[in-house]
Structures are given as C-alpha cells and as structure tokens.
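S.K.: Data: input_10.cif, mmCIF, C-alpha atoms.
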```
data_protein
#
loop_
_atom_site.label_atom_id
_atom_site.label_comp_id
_atom_site.auth_asym_id
_atom_site.auth_seq_id
_atom_site.Cartn_x
_atom_site.Cartn_y
_atom_site.Cartn_z
CA MET L 90 23.08 12.09 -7.91
CA THR L 91 19.55 13.51 -7.52
CA PRO L 92 18.22 14.32 -4.03
CA LEU L 93 16.52 11.42 -2.30
CA THR L 94 12.80 12.13 -2.24
CA LEU L 95 9.77 9.97 -1.56
CA LYS L 96 9.34 9.78 -5.33
CA THR L 97 12.93 8.78 -6.19
CA ALA L 98 12.90 6.22 -3.35
CA LYS L 99 10.39 4.25 -5.43
CA GLU L 100 12.91 3.92 -8.27
CA LYS L 101 14.46 0.52 -8.82
CA ASP L 102 17.78 0.71 -6.94
CA LEU L 103 16.36 2.78 -4.08
CA VAL L 104 13.26 0.68 -3.40
CA PRO L 105 14.80 -0.77 -0.18
CA ILE L 106 14.63 2.77 1.24
CA PHE L 107 10.97 3.12 0.28
CA ARG L 108 10.24 -0.30 1.80
CA SER L 109 11.95 0.75 5.02
CA ALA L 110 9.99 4.01 5.10
CA ILE L 111 6.74 2.04 4.82
CA SER L 112 7.83 -0.49 7.42
CA ALA L 113 8.77 2.26 9.87
CA GLU L 114 5.27 3.74 9.69
CA ILE L 115 3.39 0.49 10.35
CA ASP L 116 2.79 0.13 14.07
CA CYS L 117 -0.41 -1.92 13.98
CA TYR L 118 -2.73 -3.89 11.69
CA GLY L 119 -4.83 -0.76 11.11
CA ASP L 120 -1.82 1.09 9.67
CA PHE L 121 -1.15 -1.84 7.31
CA VAL L 122 -4.80 -1.93 6.17
CA ASP L 123 -4.98 1.85 5.69
CA ILE L 124 -1.89 1.80 3.47
CA ILE L 125 -3.37 -1.03 1.37
CA ARG L 126 -6.66 0.88 1.03
CA ASN L 127 -4.81 4.02 -0.03
CA VAL L 128 -2.74 2.19 -2.64
CA LEU L 129 -5.83 0.37 -3.92
CA LYS L 130 -7.74 3.62 -4.32
CA ARG L 131 -4.84 5.13 -6.29
CA VAL L 132 -4.53 2.04 -8.50
CA ILE L 133 -8.27 1.89 -9.14
CA LYS L 134 -8.36 5.57 -10.07
CA SER L 135 -5.53 5.01 -12.51
CA MET L 136 -7.21 1.89 -13.95
CA ILE L 137 -10.44 3.77 -14.62
CA ARG L 138 -8.58 6.60 -16.33
CA GLY L 139 -6.80 4.04 -18.52
CA ARG L 140 -9.76 1.65 -18.84
CA ASN L 141 -9.20 1.29 -22.60
CA HIS L 142 -6.11 -0.82 -21.74
CA PHE L 143 -8.18 -3.34 -19.78
CA GLN L 144 -10.62 -4.30 -22.52
CA GLY L 145 -10.48 -8.01 -23.22
CA LEU L 146 -8.37 -8.83 -20.16
CA GLY L 147 -9.41 -11.63 -17.86
CA GLU L 148 -9.92 -11.58 -14.11
CA ASP L 149 -6.43 -12.92 -13.39
CA GLN L 150 -4.66 -10.41 -15.62
CA ILE L 151 -6.46 -7.49 -14.01
CA THR L 152 -5.78 -8.85 -10.54
CA TYR L 153 -2.06 -9.25 -11.34
CA HIS L 154 -2.01 -5.64 -12.49
CA ILE L 155 -3.44 -4.53 -9.13
CA ILE L 156 -1.21 -6.59 -6.86
CA SER L 157 1.98 -5.68 -8.74
CA HIS L 158 1.70 -2.20 -7.21
CA PHE L 159 2.34 -3.59 -3.74
CA ASP L 160 5.83 -4.96 -4.51
CA ALA L 161 7.61 -1.67 -3.79
CA TYR L 162 5.87 -1.47 -0.41
CA GLY L 163 7.69 -4.48 0.96
CA PHE L 164 4.44 -6.39 1.24
CA SER L 165 4.30 -9.98 0.11
CA SER L 166 1.41 -10.05 -2.33
CA SER L 167 0.18 -13.25 -3.90
CA HIS L 168 -2.40 -14.31 -6.40
CA ASP L 169 -4.09 -17.69 -5.97
CA LYS L 170 -2.44 -18.52 -2.65
CA GLN L 171 -3.66 -21.69 -0.96
CA ILE L 172 -5.59 -20.69 2.18
CA GLY L 173 -8.75 -22.79 2.46
CA GLY L 174 -8.69 -22.86 -1.34
CA HIS L 175 -7.21 -20.47 -3.87
CA VAL L 176 -7.59 -16.93 -2.58
CA ASP L 177 -7.57 -14.35 -5.39
CA VAL L 178 -5.31 -11.94 -3.50
CA THR L 179 -3.44 -12.06 -0.24
CA ILE L 180 -1.16 -9.29 1.01
CA GLU L 181 1.12 -10.02 3.94
CA PHE L 182 3.44 -7.95 6.09
CA GLU L 183 5.07 -9.53 9.14
CA ASP L 184 2.15 -11.26 10.92
CA TYR L 185 -0.54 -9.22 9.19
CA LEU L 186 -2.72 -10.66 6.44
CA TRP L 187 -5.26 -9.02 4.14
CA TYR L 188 -7.53 -10.76 1.62
CA GLY L 189 -8.99 -9.75 -1.71
CA GLU L 190 -11.56 -11.46 -3.90
CA ALA L 191 -12.11 -10.26 -7.45
CA LYS L 192 -14.96 -10.96 -9.87
CA ILE L 193 -15.76 -9.71 -13.33
CA HIS L 194 -19.39 -8.73 -12.98
CA SER L 195 -21.67 -10.97 -15.01
CA SER L 196 -24.50 -11.71 -12.59
CA TYR L 197 -25.37 -11.22 -8.94
CA ILE L 198 -25.16 -14.97 -8.40
CA THR L 199 -21.49 -14.77 -9.45
CA LEU L 200 -20.93 -11.95 -6.99
CA GLN L 201 -22.68 -13.93 -4.24
CA LYS L 202 -20.43 -16.89 -4.96
CA GLY L 203 -17.34 -14.67 -4.72
CA TRP L 204 -18.60 -13.12 -1.52
CA ALA L 205 -19.20 -16.56 0.00
CA GLN L 206 -15.70 -17.67 -1.03
CA LEU L 207 -14.11 -14.63 0.53
CA THR L 208 -15.99 -14.64 3.81
CA THR L 209 -16.63 -18.34 4.45
CA ARG L 210 -13.78 -20.13 2.67
CA TYR L 211 -10.73 -17.87 2.66
CA MET L 212 -10.90 -15.35 5.51
CA THR L 213 -9.93 -16.90 8.81
CA GLY L 214 -11.59 -14.19 10.89
CA MET L 215 -8.58 -14.14 13.19
CA VAL L 216 -6.96 -11.12 14.80
CA ASP L 217 -4.71 -9.18 12.37
CA GLU L 218 -6.26 -10.97 9.39
CA ASP L 219 -9.87 -9.84 9.48
CA ARG L 220 -9.85 -7.20 6.76
CA GLY L 221 -10.14 -7.44 2.99
CA ALA L 222 -11.70 -6.18 -0.19
CA PHE L 223 -14.23 -7.39 -2.73
CA LEU L 224 -13.26 -6.12 -6.18
CA ILE L 225 -15.92 -5.98 -8.89
CA TYR L 226 -14.44 -5.51 -12.37
CA ASN L 227 -17.35 -3.92 -14.14
CA PHE L 228 -17.31 -3.94 -17.93
CA ASN L 229 -21.04 -3.18 -18.10
CA LYS L 230 -22.75 0.16 -18.54
CA ASP L 231 -24.09 2.02 -15.53
CA ALA L 232 -21.82 0.82 -12.74
CA LEU L 233 -23.78 2.86 -10.25
CA SER L 234 -26.85 0.62 -10.66
CA VAL L 235 -24.64 -2.42 -9.97
CA THR L 236 -23.61 -0.96 -6.61
CA THR L 237 -27.26 -0.20 -5.80
CA ASN L 238 -28.43 -3.68 -6.80
CA TRP L 239 -25.53 -5.48 -5.14
CA ARG L 240 -26.28 -3.70 -1.85
CA GLU L 241 -29.93 -4.79 -2.15
CA VAL L 242 -28.88 -8.39 -2.76
CA MET L 243 -26.56 -8.28 0.24
CA GLN L 244 -29.24 -6.88 2.52
CA GLU L 245 -31.69 -9.57 1.38
CA GLN L 246 -29.27 -12.50 1.54
CA TYR L 247 -27.01 -11.76 4.51
CA ALA L 248 -28.92 -10.70 7.59
CA ASP L 249 -25.83 -10.29 9.78
CA ILE L 250 -24.11 -7.83 7.42
CA THR L 251 -23.96 -4.10 8.13
CA LEU L 252 -23.47 -1.90 5.08
CA GLY L 253 -21.67 1.41 5.35
CA ASP L 254 -22.50 4.51 3.32
CA VAL L 255 -21.68 4.55 -0.38
CA GLU L 256 -18.52 6.55 -1.17
CA ASP L 257 -17.89 8.06 -4.60
CA ASP L 258 -21.31 6.65 -5.65
CA LEU L 259 -19.77 3.22 -6.22
CA ASN L 260 -17.84 1.88 -3.22
CA PHE L 261 -18.78 0.97 0.30
CA VAL L 262 -17.54 -0.77 3.41
CA CYS L 263 -19.39 -3.60 5.09
CA SER L 264 -18.91 -5.52 8.28
CA GLY L 265 -20.09 -8.92 9.34
CA ILE L 266 -19.47 -11.68 11.82
CA HIS L 267 -17.15 -14.49 10.80
CA GLU L 268 -18.99 -17.79 11.16
CA GLY L 269 -15.95 -19.70 12.39
CA THR L 270 -14.52 -17.33 14.96
CA GLY L 271 -17.57 -15.25 15.84
CA ARG L 272 -15.35 -12.20 15.46
CA PRO L 273 -16.18 -9.18 13.30
CA TYR L 274 -14.59 -8.71 9.91
CA ILE L 275 -14.58 -5.69 7.60
CA VAL L 276 -14.55 -5.77 3.80
CA ASP L 277 -14.28 -2.84 1.37
CA HIS L 278 -16.32 -3.20 -1.81
CA TYR L 279 -14.81 -1.55 -4.88
CA ASN L 280 -16.98 -1.44 -7.98
CA ILE L 281 -14.47 -0.61 -10.73
CA PRO L 282 -16.12 0.81 -13.86
CA LEU L 283 -14.10 -0.41 -16.86
CA TYR L 284 -16.79 -0.07 -19.54
CA PHE L 285 -15.25 1.54 -22.62
CA GLU L 286 -17.21 2.04 -25.82
CA PRO L 287 -16.22 5.35 -27.45
CA LYS L 288 -18.69 6.48 -30.08
CA ASP L 289 -16.46 8.96 -31.92
CA ARG L 290 -15.26 6.51 -34.59
CA SER L 291 -18.77 5.46 -35.54
CA ILE L 292 -19.77 9.03 -36.48
CA MET I 55 15.37 -8.79 -1.42
CA ALA I 56 15.91 -7.35 2.04
CA ILE I 57 18.93 -8.44 4.09
CA THR I 58 17.64 -10.80 6.76
CA VAL I 59 17.89 -9.37 10.26
CA GLY I 60 19.89 -11.72 12.47
CA SER I 61 21.78 -13.31 9.59
CA PRO I 62 25.61 -13.34 9.72
CA GLU I 63 25.62 -10.89 6.78
CA ALA I 64 23.33 -8.49 8.66
CA ASP I 65 25.37 -8.76 11.86
CA GLU I 66 28.57 -7.94 9.99
CA LEU I 67 26.99 -5.01 8.14
CA ILE I 68 25.58 -3.56 11.37
CA SER I 69 28.92 -3.88 13.09
CA ASP I 70 30.64 -2.08 10.19
CA ALA I 71 27.92 0.57 10.04
CA LYS I 72 28.21 1.31 13.77
CA SER I 73 31.90 1.81 13.35
CA LEU I 74 31.54 4.07 10.29
CA LEU I 75 28.75 6.13 11.85
CA GLN I 76 30.12 6.55 15.36
CA GLY I 77 31.06 10.18 14.71
CA TYR I 78 27.59 10.96 13.38
CA VAL I 79 25.37 9.93 16.30
CA GLY I 80 22.60 12.51 16.66
CA ALA I 81 23.28 13.97 13.22
CA THR I 82 20.87 13.90 10.28
CA VAL I 83 22.74 12.65 7.23
CA PRO I 84 21.64 12.84 3.57
CA PHE I 85 21.76 9.77 1.33
CA VAL I 86 24.63 11.20 -0.76
CA ARG I 87 26.74 11.67 2.38
CA LEU I 88 25.99 8.12 3.53
CA CYS I 89 27.17 6.81 0.16
CA LYS I 90 30.48 8.62 0.70
CA ILE I 91 30.85 7.43 4.30
CA PHE I 92 30.25 3.83 3.20
CA LYS I 93 32.28 4.32 -0.03
CA LEU I 94 29.27 3.16 -2.02
CA GLU I 95 28.91 6.11 -4.43
CA GLN I 96 28.89 3.61 -7.30
CA ASN I 97 26.49 1.18 -5.68
CA GLU I 98 23.32 2.95 -4.56
CA LEU I 99 21.40 -0.32 -4.36
CA ARG I 100 23.80 -1.69 -1.74
CA MET I 101 23.61 1.57 0.21
CA ALA I 102 19.81 1.42 0.08
CA GLU I 103 19.88 -2.16 1.37
CA ILE I 104 22.15 -1.18 4.27
CA ILE I 105 19.87 1.75 5.12
CA GLU I 106 16.86 -0.58 5.07
CA LEU I 107 18.64 -2.85 7.52
CA ALA I 108 19.86 0.02 9.73
CA CYS I 109 16.34 1.51 9.90
CA ASN I 110 14.74 -1.82 10.80
CA LYS I 111 12.78 -1.54 14.05
CA LYS I 112 14.79 -4.40 15.56
CA ILE I 113 18.08 -2.64 14.76
CA ARG I 114 17.26 1.08 15.11
CA LEU I 115 20.70 2.32 14.07
CA MET I 116 19.11 5.03 11.93
CA LYS I 117 15.68 6.50 11.39
CA HIS I 118 14.04 8.38 8.55
CA VAL I 119 13.78 12.16 8.77
CA TYR I 120 11.56 13.98 6.28
CA PHE I 121 11.67 17.55 4.98
CA TYR I 122 9.18 19.35 2.77
CA LEU I 123 10.88 21.34 0.00
CA ASP I 124 8.91 24.56 0.07
CA ASP I 125 9.24 27.20 -2.67
CA GLU I 126 9.24 30.01 -0.12
CA PHE I 127 10.91 28.58 2.99
CA GLY I 128 13.21 25.91 1.53
CA PRO I 129 13.41 22.51 3.30
CA ILE I 130 11.17 22.35 6.39
CA LEU I 131 11.24 19.46 8.82
CA LEU I 132 8.10 17.30 8.70
CA LYS I 133 7.00 16.34 12.19
CA ASP I 134 6.44 12.70 13.15
CA GLY I 135 3.10 11.41 11.99
CA LEU I 136 2.75 13.56 8.87
CA ILE I 137 4.28 11.00 6.53
CA LYS I 138 2.31 8.18 8.15
CA HIS I 139 -0.88 10.17 7.53
CA TYR I 140 0.17 10.77 3.91
CA LEU I 141 0.86 7.09 3.29
CA LYS I 142 -2.50 6.14 4.79
CA PHE I 143 -4.76 8.84 3.40
CA ASP I 144 -2.90 10.57 0.55
CA GLU I 145 -3.02 13.88 2.39
CA LEU I 146 0.15 15.78 3.26
CA TYR I 147 -0.25 18.74 5.59
CA HIS I 148 2.03 21.70 5.00
CA PRO I 149 4.45 21.94 7.96
CA VAL I 150 3.90 25.68 8.36
CA SER I 151 0.32 26.39 7.28
CA ASN I 152 -1.14 22.96 8.17
CA ALA I 153 -3.17 23.15 4.97
CA ILE I 154 -3.38 20.04 2.78
CA ILE I 155 -0.85 20.39 -0.02
CA GLU I 156 -2.67 20.20 -3.34
CA ASN I 157 0.46 19.69 -5.50
CA MET I 158 0.02 16.61 -7.69
CA ASP I 159 3.72 15.73 -7.42
CA VAL I 160 3.95 16.11 -3.67
CA GLU I 161 6.30 13.10 -3.41
CA GLU I 162 8.94 15.03 -5.40
CA ARG I 163 8.97 17.59 -2.61
CA VAL I 164 9.42 15.22 0.32
CA LEU I 165 13.14 14.90 1.00
CA ILE I 166 14.36 11.86 2.96
CA GLU I 167 17.44 11.97 5.20
CA PHE I 168 18.55 9.73 8.04
CA GLU I 169 19.16 10.45 11.70
CA VAL I 170 21.93 8.32 13.17
CA ILE I 171 20.69 6.91 16.46
CA GLY I 172 23.71 4.80 17.23
#
```
Kindly present the structure from the file in structure tokens form.
M.R.:
Amino acid sequence: MTPLTLKTAKEKDLVPIFRSAISAEIDCYGDFVDIIRNVLKRVIKSMIRGRNHFQGLGEDQITYHIISHFDAYGFSSSHDKQIGGHVDVTIEFEDYLWYGEAKIHSSYITLQKGWAQLTTRYMTGMVDEDRGAFLIYNFNKDALSVTTNWREVMQEQYADITLGDVEDDLNFVCSGIHEGTGRPYIVDHYNIPLYFEPKDRSI
Amino acid sequence: MAITVGSPEADELISDAKSLLQGYVGATVPFVRLCKIFKLEQNELRMAEIIELACNKKIRLMKHVYFYLDDEFGPILLKDGLIKHYLKFDELYHPVSNAIIENMDVEERVLIEFEVIG
C-alpha cells in the first residue's frame, strides 16, 4: 500500500478522502470560489498546452471537458442545468452556487449575447451565488486582440461594469450590479487561446 | 457517492468507528493503520468513505493532518491554513523556510494522516 498523499487521494478508490479534504477547507463562499478559480486556471493551462486535441470540438464538448475536473472535488457540476434557462455550467457545494457561460468566439455580438444570458438570465445575484466565469473558447489567431476588443465593447455597452486589470495578457475580472437584486456580482473572463495551425508539415 | 450524514447507515458506521477508535483519541493515525483497525485492508474504498464521513464537519470524529515530505528533514507537520492556501492559490509554503515550494509534483510530497478527535 503506497503512502496516502494529496496526489494518491485523487485516485479512484481514495477520492472520498480528497473530497473530505476539500470540504474541510471550505469555510465560506469565498473559499469555494477560490478553489474553483484555481482548478479552472489549471485546466485552462492544460487545455492550451494540449490545444491540438480540441480542434473540431464543439462548445458543449469543451465545456464537458472542463467541468469533469470538478467531480473529484465533491462539487456537483452540471452542464445545461435549468436555472432561468439552460445555464452552460453550474457548480454547487452545499448552499453555494457558481455559474459559468461559455462561447466559442465568432463575433462580439455572440459574446454580448452570452454575457447577457449569464448576467441577466442565469445569475440570481443572491448571496453565495453571485460569482461566475465567462469562458471564451478562442480558435482564432491573436487572442490578445480579442481580449482588448472585448473589453472595449464591454466599456461601451455596459456602463455599470467595472473592469479589473488584465492578467496574463488575456484574462480579467469584472464586477457589476445585478439588475434584479441590486447586489454586486463578480465574473472572471477567461479568453482561452485554442488556435492550432502548425506550419511544419507544409514546408 | 458519499455516505449521507444522518442516515441509519451513517449513524451505525459512526457508532462502530467511535468504538474502534476509542483508544486512539488524540493520536494521529495513518491511512494504513486505519485500514487495519477497521479490518478493511482489502477495501480501501470503504475505508475512504468512512474517513470522509468521520471527517465531516457535522461529525468531527477525525480531522486531516498534513505533513510535507522533505528530502532533508523528513516529514514535517504542515500548520493549519497551508493546505487551504495551496488549494486556493496553488502555492505551498515550505513549513521550515516559508518559501514557496517550486516542485512540480508537490502533491506527491504532501502526506495525509488523521487525528482522532473522538
């Protein structure tokens, strides 16, 4: 029997121990959100490194890939759950709820539609369910320009939104006021560069 | 699937666990030892499920204790809060130097044991 480490606790039969370790460290909604953000950042990094495997996949397939990573954490993650419509991603733990909306980038109108769905249709704006993420699956060249342009669109279209600094040149946090509750919400924007067009074979 | 707290199954398991662990209150027990105490050497999944139940905040029969397996010092106790920080921010501070551990496989070096609260 190998020693029980944080790594081996993620293995199939020992996952209940990993789940319990996660549960023991969550004392508030902020802890829950920080763990989701950390897992998401890891998953996104791994997706970009293996972006060749995502070519040709649809929005749903990519989203399933992302949410499958939360199973071992003891979180209840769902795709297309019915909350005011079909939310792309919900992650639940006890009374906490987190939302995700994903879009393959094709136009800024599409992103605006996704943003409106996330913030005005799905998110309730209630306590312990006022955080989420907007995931942009970017199969185009020059992801950086998409972040720049998307921020410009947001500043022009949504006067009540406050944009945080850009991290890693591509991602940023923004906050706004939920129309229904009047409470603040916070959404992380992840622009995920999945463009893959190696030129070596054409030489 | 976790055992539901408050279910008859959970109540029975907790009662049995309290009885089996009564001589270990205050001790920190490795997973392998727990498997022997519960006679579950051949069923690690069941042992893991019982641990999950026993560590539940509503039960608090056991709690996780973490050690960092250091090349120089051997296993060193990780103080409360260090694992929470790691799970939230991917940064594990070395328990002696307080420097962020750069090892890519840091999770292989974090040993989990269980303190019996009773």
S.K.: With all atoms listed in the file as the counted atoms, please give the residues lying no more than 9 Å from stretch 189-195 of chain L, apart from itself and same-chain residues fewer than 2 positions off, as a JSON list (two decimals) with C-alpha atoms, keeping the file's coordinate frame.
M.R.:
```json
[["chain", "number", "residue", "atom", "x", "y", "z"],
["L", 147, "GLY", "CA", -9.41, -11.63, -17.86],
["L", 148, "GLU", "CA", -9.92, -11.58, -14.11],
["L", 149, "ASP", "CA", -6.43, -12.92, -13.39],
["L", 152, "THR", "CA", -5.78, -8.85, -10.54],
["L", 176, "VAL", "CA", -7.59, -16.93, -2.58],
["L", 177, "ASP", "CA", -7.57, -14.35, -5.39],
["L", 178, "VAL", "CA", -5.31, -11.94, -3.50],
["L", 179, "THR", "CA", -3.44, -12.06, -0.24],
["L", 180, "ILE", "CA", -1.16, -9.29, 1.01],
["L", 187, "TRP", "CA", -5.26, -9.02, 4.14],
["L", 197, "TYR", "CA", -25.37, -11.22, -8.94],
["L", 198, "ILE", "CA", -25.16, -14.97, -8.40],
["L", 199, "THR", "CA", -21.49, -14.77, -9.45],
["L", 200, "LEU", "CA", -20.93, -11.95, -6.99],
["L", 203, "GLY", "CA", -17.34, -14.67, -4.72],
["L", 204, "TRP", "CA", -18.60, -13.12, -1.52],
["L", 206, "GLN", "CA", -15.70, -17.67, -1.03],
["L", 207, "LEU", "CA", -14.11, -14.63, 0.53],
["L", 220, "ARG", "CA", -9.85, -7.20, 6.76],
["L", 221, "GLY", "CA", -10.14, -7.44, 2.99],
["L", 222, "ALA", "CA", -11.70, -6.18, -0.19],
["L", 223, "PHE", "CA", -14.23, -7.39, -2.73],
["L", 224, "LEU", "CA", -13.26, -6.12, -6.18],
["L", 225, "ILE", "CA", -15.92, -5.98, -8.89],
["L", 226, "TYR", "CA", -14.44, -5.51, -12.37],
["L", 227, "ASN", "CA", -17.35, -3.92, -14.14],
["L", 228, "PHE", "CA", -17.31, -3.94, -17.93],
["L", 229, "ASN", "CA", -21.04, -3.18, -18.10],
["L", 235, "VAL", "CA", -24.64, -2.42, -9.97],
["L", 276, "VAL", "CA", -14.55, -5.77, 3.80]]
```
S.K.: Starting from the point (24.3, 0.5, -8.0), work out which residues of protein, DNA or RNA have an atom no more than 12 Å away when counting all atoms listed in the file; state them as a ChimeraX atom specification.
M.R.: /L:90,100-104 /I:89,93-103
S.K.: Determine the residue membership of the PyMOL selection byres ((chain L and resi 153-169) around 10) for the file above and supply it as a PyMOL selection string.
M.R.: (chain L and resi 98-101+103-112+121+124-125+128-129+131-133+136+143+148-152+170-172+174-183+185-190) or (chain I and resi 55-56)
S.K.: Identify which of the residues L:Val122, L:Ile137, L:Val242, L:Cys263 lies closest to chain I, counting all atoms listed in the file when measuring atom-to-atom distances.
M.R.: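 Answer, going by the shortest atom-to-atom distance: L:Val122.
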S.K.: Give the answer as one residue: which of L:Ala205, L:Ile275, L:Ile281, L:Ile250 has the shortest atom-to-atom distance to L:Thr236, using all atoms listed in the file?
M.R.: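 Closest to L:Thr236 of all the choices is L:Ile281.
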S.K.: Name the residues that the PyMOL selection byres ((chain I) within 9 of (chain L)) pulls out of this structure, and write them as a PyMOL selection string.
M.R.: chain I and resi 55-56+84-86+97-107+109-111+117-118+120+135+137-138+141-144+159-167
S.K.: I'd like the box whose edges run along x, y and z of the file and which contains every listed atom of stretch 93-102 of chain I, padded by 8 Å per side; could you state its centre and edge lengths in Å, one decimal, as lines of an AutoDock Vina configuration file?
M.R.:
```
center_x = 26.0
center_y = 2.2
center_z = -3.5
size_x = 28.5
size_y = 23.8
size_z = 23.5
```
S.K.: If I take atom CA of L:Asp217 and atom CA of L:Asp184, how far is one from the other in Å, to one decimal?
M.R.: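 One can read the atom CA of L:Asp217 to atom CA of L:Asp184 distance as 7.3 Å.
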S.K.: Neighbouring residues of I:Phe127 were defined as those with any atom within 12 Å, considering only C-alpha atoms; residues of the same chain fewer than 6 positions away were excluded. Please report them as a short mmCIF file (atom, residue, chain, number, x, y, z; two decimals) with C-alpha atoms, keeping the file's coordinate frame.
M.R.:
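Saved the output as part_9.cif:
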```cif
data_model
loop_
_atom_site.label_atom_id
_atom_site.label_comp_id
_atom_site.auth_asym_id
_atom_site.auth_seq_id
_atom_site.Cartn_x
_atom_site.Cartn_y
_atom_site.Cartn_z
CA PHE I 121 11.67 17.55 4.98
CA HIS I 148 2.03 21.70 5.00
CA PRO I 149 4.45 21.94 7.96
CA VAL I 150 3.90 25.68 8.36
CA SER I 151 0.32 26.39 7.28
#
```
S.K.: Neighbours of I:Leu146 within 6 Å (all atoms listed in the file; same-chain residues fewer than 6 positions away dropped), as a list in words?
M.R.: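 With the cut-off at 6 Å, the set is Tyr140, Ile154 and Ile155 of chain I.
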S.K.: Taking C-alpha atoms for each residue, export the selection above as a PDB file, keeping the file's coordinate frame.
M.R.:
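After the write, out_11.pdb holds the following:
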```
ATOM      1  CA  TYR I 140       0.170  10.770   3.910  1.00  0.00           C
ATOM      2  CA  ILE I 154      -3.380  20.040   2.780  1.00  0.00           C
ATOM      3  CA  ILE I 155      -0.850  20.390  -0.020  1.00  0.00           C
TER       4      ILE I 155
END
```
S.K.: I want to know what sits within 8 Å of L:Leu233, based on only C-alpha atoms, with residues of the same chain fewer than 3 positions away left out; could you give that as a list of chain:residue names?
M.R.: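 In the requested form, the answer reads L:Thr236, L:Thr237, L:Asp258, L:Leu259.
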S.K.: When distances are computed from all atoms listed in the file, which of I:Ala71, I:Ile113, I:Phe168, I:Glu66 shows the smallest separation from I:Arg87?
M.R.: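 Using all atoms listed in the file, the shortest distance to I:Arg87 belongs to I:Phe168.
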S.K.: Using Å and a single decimal, report how far atom CA of L:Asp116 sits from atom CA of I:Tyr147.
M.R.: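 So the answer is 20.7 Å.
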S.K.: Just give me the gap between atom CA of I:Ile57 and atom CA of I:Val170 in Å, one decimal is fine.
M.R.: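 For atom CA of I:Ile57 relative to atom CA of I:Val170, the distance reads 19.3 Å.
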S.K.: I want to know what sits within 8 Å of I:Gly80, based on all atoms listed in the file, with residues of the same chain fewer than 3 positions away left out; could you give that as a count of residues only?
M.R.: 4
S.K.: Under the rule that only C-alpha atoms are counted, which of L:Val216, L:Lys202, L:Arg138, L:Tyr211 is the nearest residue to L:Tyr118?
M.R.: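 Nearest to L:Tyr118: L:Val216.
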S.K.: Select stretch 57-73 of chain I in the preceding structure and write N, CA and C atoms to a file as a PDB file, in the first residue's frame.
M.R.:
```
ATOM      1  N   ILE I  57     -21.473   8.842   1.896  1.00  0.00           N
ATOM      2  CA  ILE I  57     -22.487   8.306   2.819  1.00  0.00           C
ATOM      3  C   ILE I  57     -23.235   9.512   3.400  1.00  0.00           C
ATOM      4  N   THR I  58     -24.537   9.448   3.386  1.00  0.00           N
ATOM      5  CA  THR I  58     -25.334  10.598   3.820  1.00  0.00           C
ATOM      6  C   THR I  58     -25.310  10.744   5.345  1.00  0.00           C
ATOM      7  N   VAL I  59     -24.866  11.903   5.787  1.00  0.00           N
ATOM      8  CA  VAL I  59     -24.840  12.181   7.228  1.00  0.00           C
ATOM      9  C   VAL I  59     -26.283  12.156   7.758  1.00  0.00           C
ATOM     10  N   GLY I  60     -26.471  11.477   8.872  1.00  0.00           N
ATOM     11  CA  GLY I  60     -27.807  11.397   9.455  1.00  0.00           C
ATOM     12  C   GLY I  60     -28.595  10.176   9.019  1.00  0.00           C
ATOM     13  N   SER I  61     -28.073   9.458   8.018  1.00  0.00           N
ATOM     14  CA  SER I  61     -28.770   8.240   7.573  1.00  0.00           C
ATOM     15  C   SER I  61     -28.510   7.122   8.583  1.00  0.00           C
ATOM     16  N   PRO I  62     -29.359   6.095   8.620  1.00  0.00           N
ATOM     17  CA  PRO I  62     -29.122   4.971   9.539  1.00  0.00           C
ATOM     18  C   PRO I  62     -27.753   4.337   9.311  1.00  0.00           C
ATOM     19  N   GLU I  63     -27.334   4.244   8.031  1.00  0.00           N
ATOM     20  CA  GLU I  63     -26.022   3.667   7.713  1.00  0.00           C
ATOM     21  C   GLU I  63     -24.905   4.508   8.351  1.00  0.00           C
ATOM     22  N   ALA I  64     -25.029   5.819   8.207  1.00  0.00           N
ATOM     23  CA  ALA I  64     -24.003   6.715   8.769  1.00  0.00           C
ATOM     24  C   ALA I  64     -23.972   6.602  10.286  1.00  0.00           C
ATOM     25  N   ASP I  65     -25.149   6.590  10.902  1.00  0.00           N
ATOM     26  CA  ASP I  65     -25.208   6.502  12.372  1.00  0.00           C
ATOM     27  C   ASP I  65     -24.531   5.226  12.876  1.00  0.00           C
ATOM     28  N   GLU I  66     -24.781   4.127  12.172  1.00  0.00           N
ATOM     29  CA  GLU I  66     -24.198   2.848  12.575  1.00  0.00           C
ATOM     30  C   GLU I  66     -22.671   2.862  12.389  1.00  0.00           C
ATOM     31  N   LEU I  67     -22.226   3.416  11.262  1.00  0.00           N
ATOM     32  CA  LEU I  67     -20.789   3.482  10.997  1.00  0.00           C
ATOM     33  C   LEU I  67     -20.077   4.353  12.028  1.00  0.00           C
ATOM     34  N   ILE I  68     -20.690   5.463  12.390  1.00  0.00           N
ATOM     35  CA  ILE I  68     -20.078   6.374  13.373  1.00  0.00           C
ATOM     36  C   ILE I  68     -20.003   5.704  14.740  1.00  0.00           C
ATOM     37  N   SER I  69     -21.051   5.004  15.087  1.00  0.00           N
ATOM     38  CA  SER I  69     -21.065   4.295  16.361  1.00  0.00           C
ATOM     39  C   SER I  69     -19.943   3.241  16.407  1.00  0.00           C
ATOM     40  N   ASP I  70     -19.808   2.488  15.308  1.00  0.00           N
ATOM     41  CA  ASP I  70     -18.737   1.480  15.232  1.00  0.00           C
ATOM     42  C   ASP I  70     -17.363   2.143  15.270  1.00  0.00           C
ATOM     43  N   ALA I  71     -17.227   3.240  14.534  1.00  0.00           N
ATOM     44  CA  ALA I  71     -15.934   3.928  14.454  1.00  0.00           C
ATOM     45  C   ALA I  71     -15.525   4.467  15.819  1.00  0.00           C
ATOM     46  N   LYS I  72     -16.480   5.028  16.542  1.00  0.00           N
ATOM     47  CA  LYS I  72     -16.168   5.556  17.894  1.00  0.00           C
ATOM     48  C   LYS I  72     -15.645   4.443  18.783  1.00  0.00           C
ATOM     49  N   SER I  73     -16.262   3.299  18.661  1.00  0.00           N
ATOM     50  CA  SER I  73     -15.856   2.163  19.469  1.00  0.00           C
ATOM     51  C   SER I  73     -14.446   1.693  19.081  1.00  0.00           C
TER      52      SER I  73
END
```
